[in-house]
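Chemist: Please see the structure below; I have some questions.
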Amino acid sequence: DTIPTCSSVCVLKSGFLFAASECGDHALYQFRGIGDGEGEVEARASAASGGGADPLTFAPRAPSNLALVDRLESLSPVCGLECSNLYQEETKQLFALTGRGPSSQMRVLRPGQTVVEAAVSPLPGSPNGVWTIKESKSQEHDSFILVSFKNASLVLSVGETVEEVTDSGFQTNTSTLDVRLLADDSIVQVVPGGLRHILGDGRVNEWRCPGRKQITSVSCNDRQVVAALTGYELVYFELDETGQLLEQEKKDMAGEISSVCIAPVPEGKLRSKFLAIGGDDATIR
C-alpha cells in the first residue's frame, strides 16, 4: 500500500497505523490485511558487498490493506498566505497555499470567533513596533496603543473611539524599544536614549544613557529591566519596595550585545535569577 511520505509512523497493538505526513494532513489507518494474499507484490532492499544498498523500486497503488479511519488536518508547509474578503462576509478570510506535490491545496481559513472592526486610524508612516498597554493589572481591557516609528512614537487611547493623546506621559519625539506595565501598576517606556518610568499618580522619572551611548536592546518583566548599551555595556534595573525603578548594576561585556532576554518573575518571588545575552560573535551567555 502507498501512503504519503511521512516524517514518522506508529503501529499500535490495537491494529491501527498513525502516519505523520511531511506535507499535508496526518492520517490514522486500520489494518484490514497484512499483504499475504495471492498476487501481492513484494519489494526488498539488500546491502551489497560494497556496503551500499540496491535501489528499491515499486509501483504506487491505492491502499487495499489499510482503511482510512480519521484524518488530522495540517497546514504544513504554508507556502503563501493572503488576507482578503473575497466572499464579502463580516470577517475577512485567510487564503493559504499549503502542502507540496500531490498534497498541494488552497485552503480558506475563517476565524472561530467573529472579529468586529472597532476603528480605523491612518498612520503617518510604517511602524516598527506596536504595543497595547493597560493602566493597571486589574483592568480587563487595554487603555493605550503605542505605535513606534523610526524617529517618533504615537499614543492612541482606546475607548468608544481610538484617538491620539498627548498627555499620557509617554515620550513621543523618539522611537520606542519596549513598553511594560510593572507589578505596581506603573509603566516603563524604553527609548534609545534611556528609560521613562511613569508612576500611577502621573509623575515621571527618567534615566538617561551616559555620554553618547544608546540602548540597542532591552528586556523587561514585571519587576526588572535589562538594557544593552553601545560600547559593550549592560545595565540592570529593579523595582524596589517604594515603587522606584533603580539602577542596580552595570557590567562590561566582552563584545557587542545583539539581544537580551530576562525570564519572568516566578510566582511568589521578587526577581528572576536568569538572563540570556546574545552576542554578535554568535554566542549566548
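Ligands are numbered from 1 in the order shown, residues from 1 within each chain, and chains are lettered A, B, ... in the order they appear in the C-alpha cells.
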Please list as number ranges by chain every residue within 9 Å of Met253 of chain A, counting only C-alpha atoms and excluding residues in the same chain fewer than 5 positions away.

Modeler: A: 231-234

Chemist: Using only C-alpha atoms, which residues sit within 9 Å of Ser186 of chain A once same-chain residues fewer than 3 positions away are excluded, as number ranges by chain?

Modeler: A: 135-136, 180-183, 197-201, 243

Chemist: Let me make sure I understand: among A:Glu117, A:Asp178, A:Glu22, A:Asp185, which one has the smallest atom-to-atom distance to Ser219 of chain A if we use only C-alpha atoms?

Modeler: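 Residue with the minimum atom-to-atom distance to Ser219 of chain A: A:Asp178.
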
Chemist: To one decimal in Å, tell me the separation between atom CA of Ser104 of chain A and atom CA of Ser7 of chain A.

Modeler: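 Value for the atom CA of Ser104 of chain A-atom CA of Ser7 of chain A distance: 17.1 Å.
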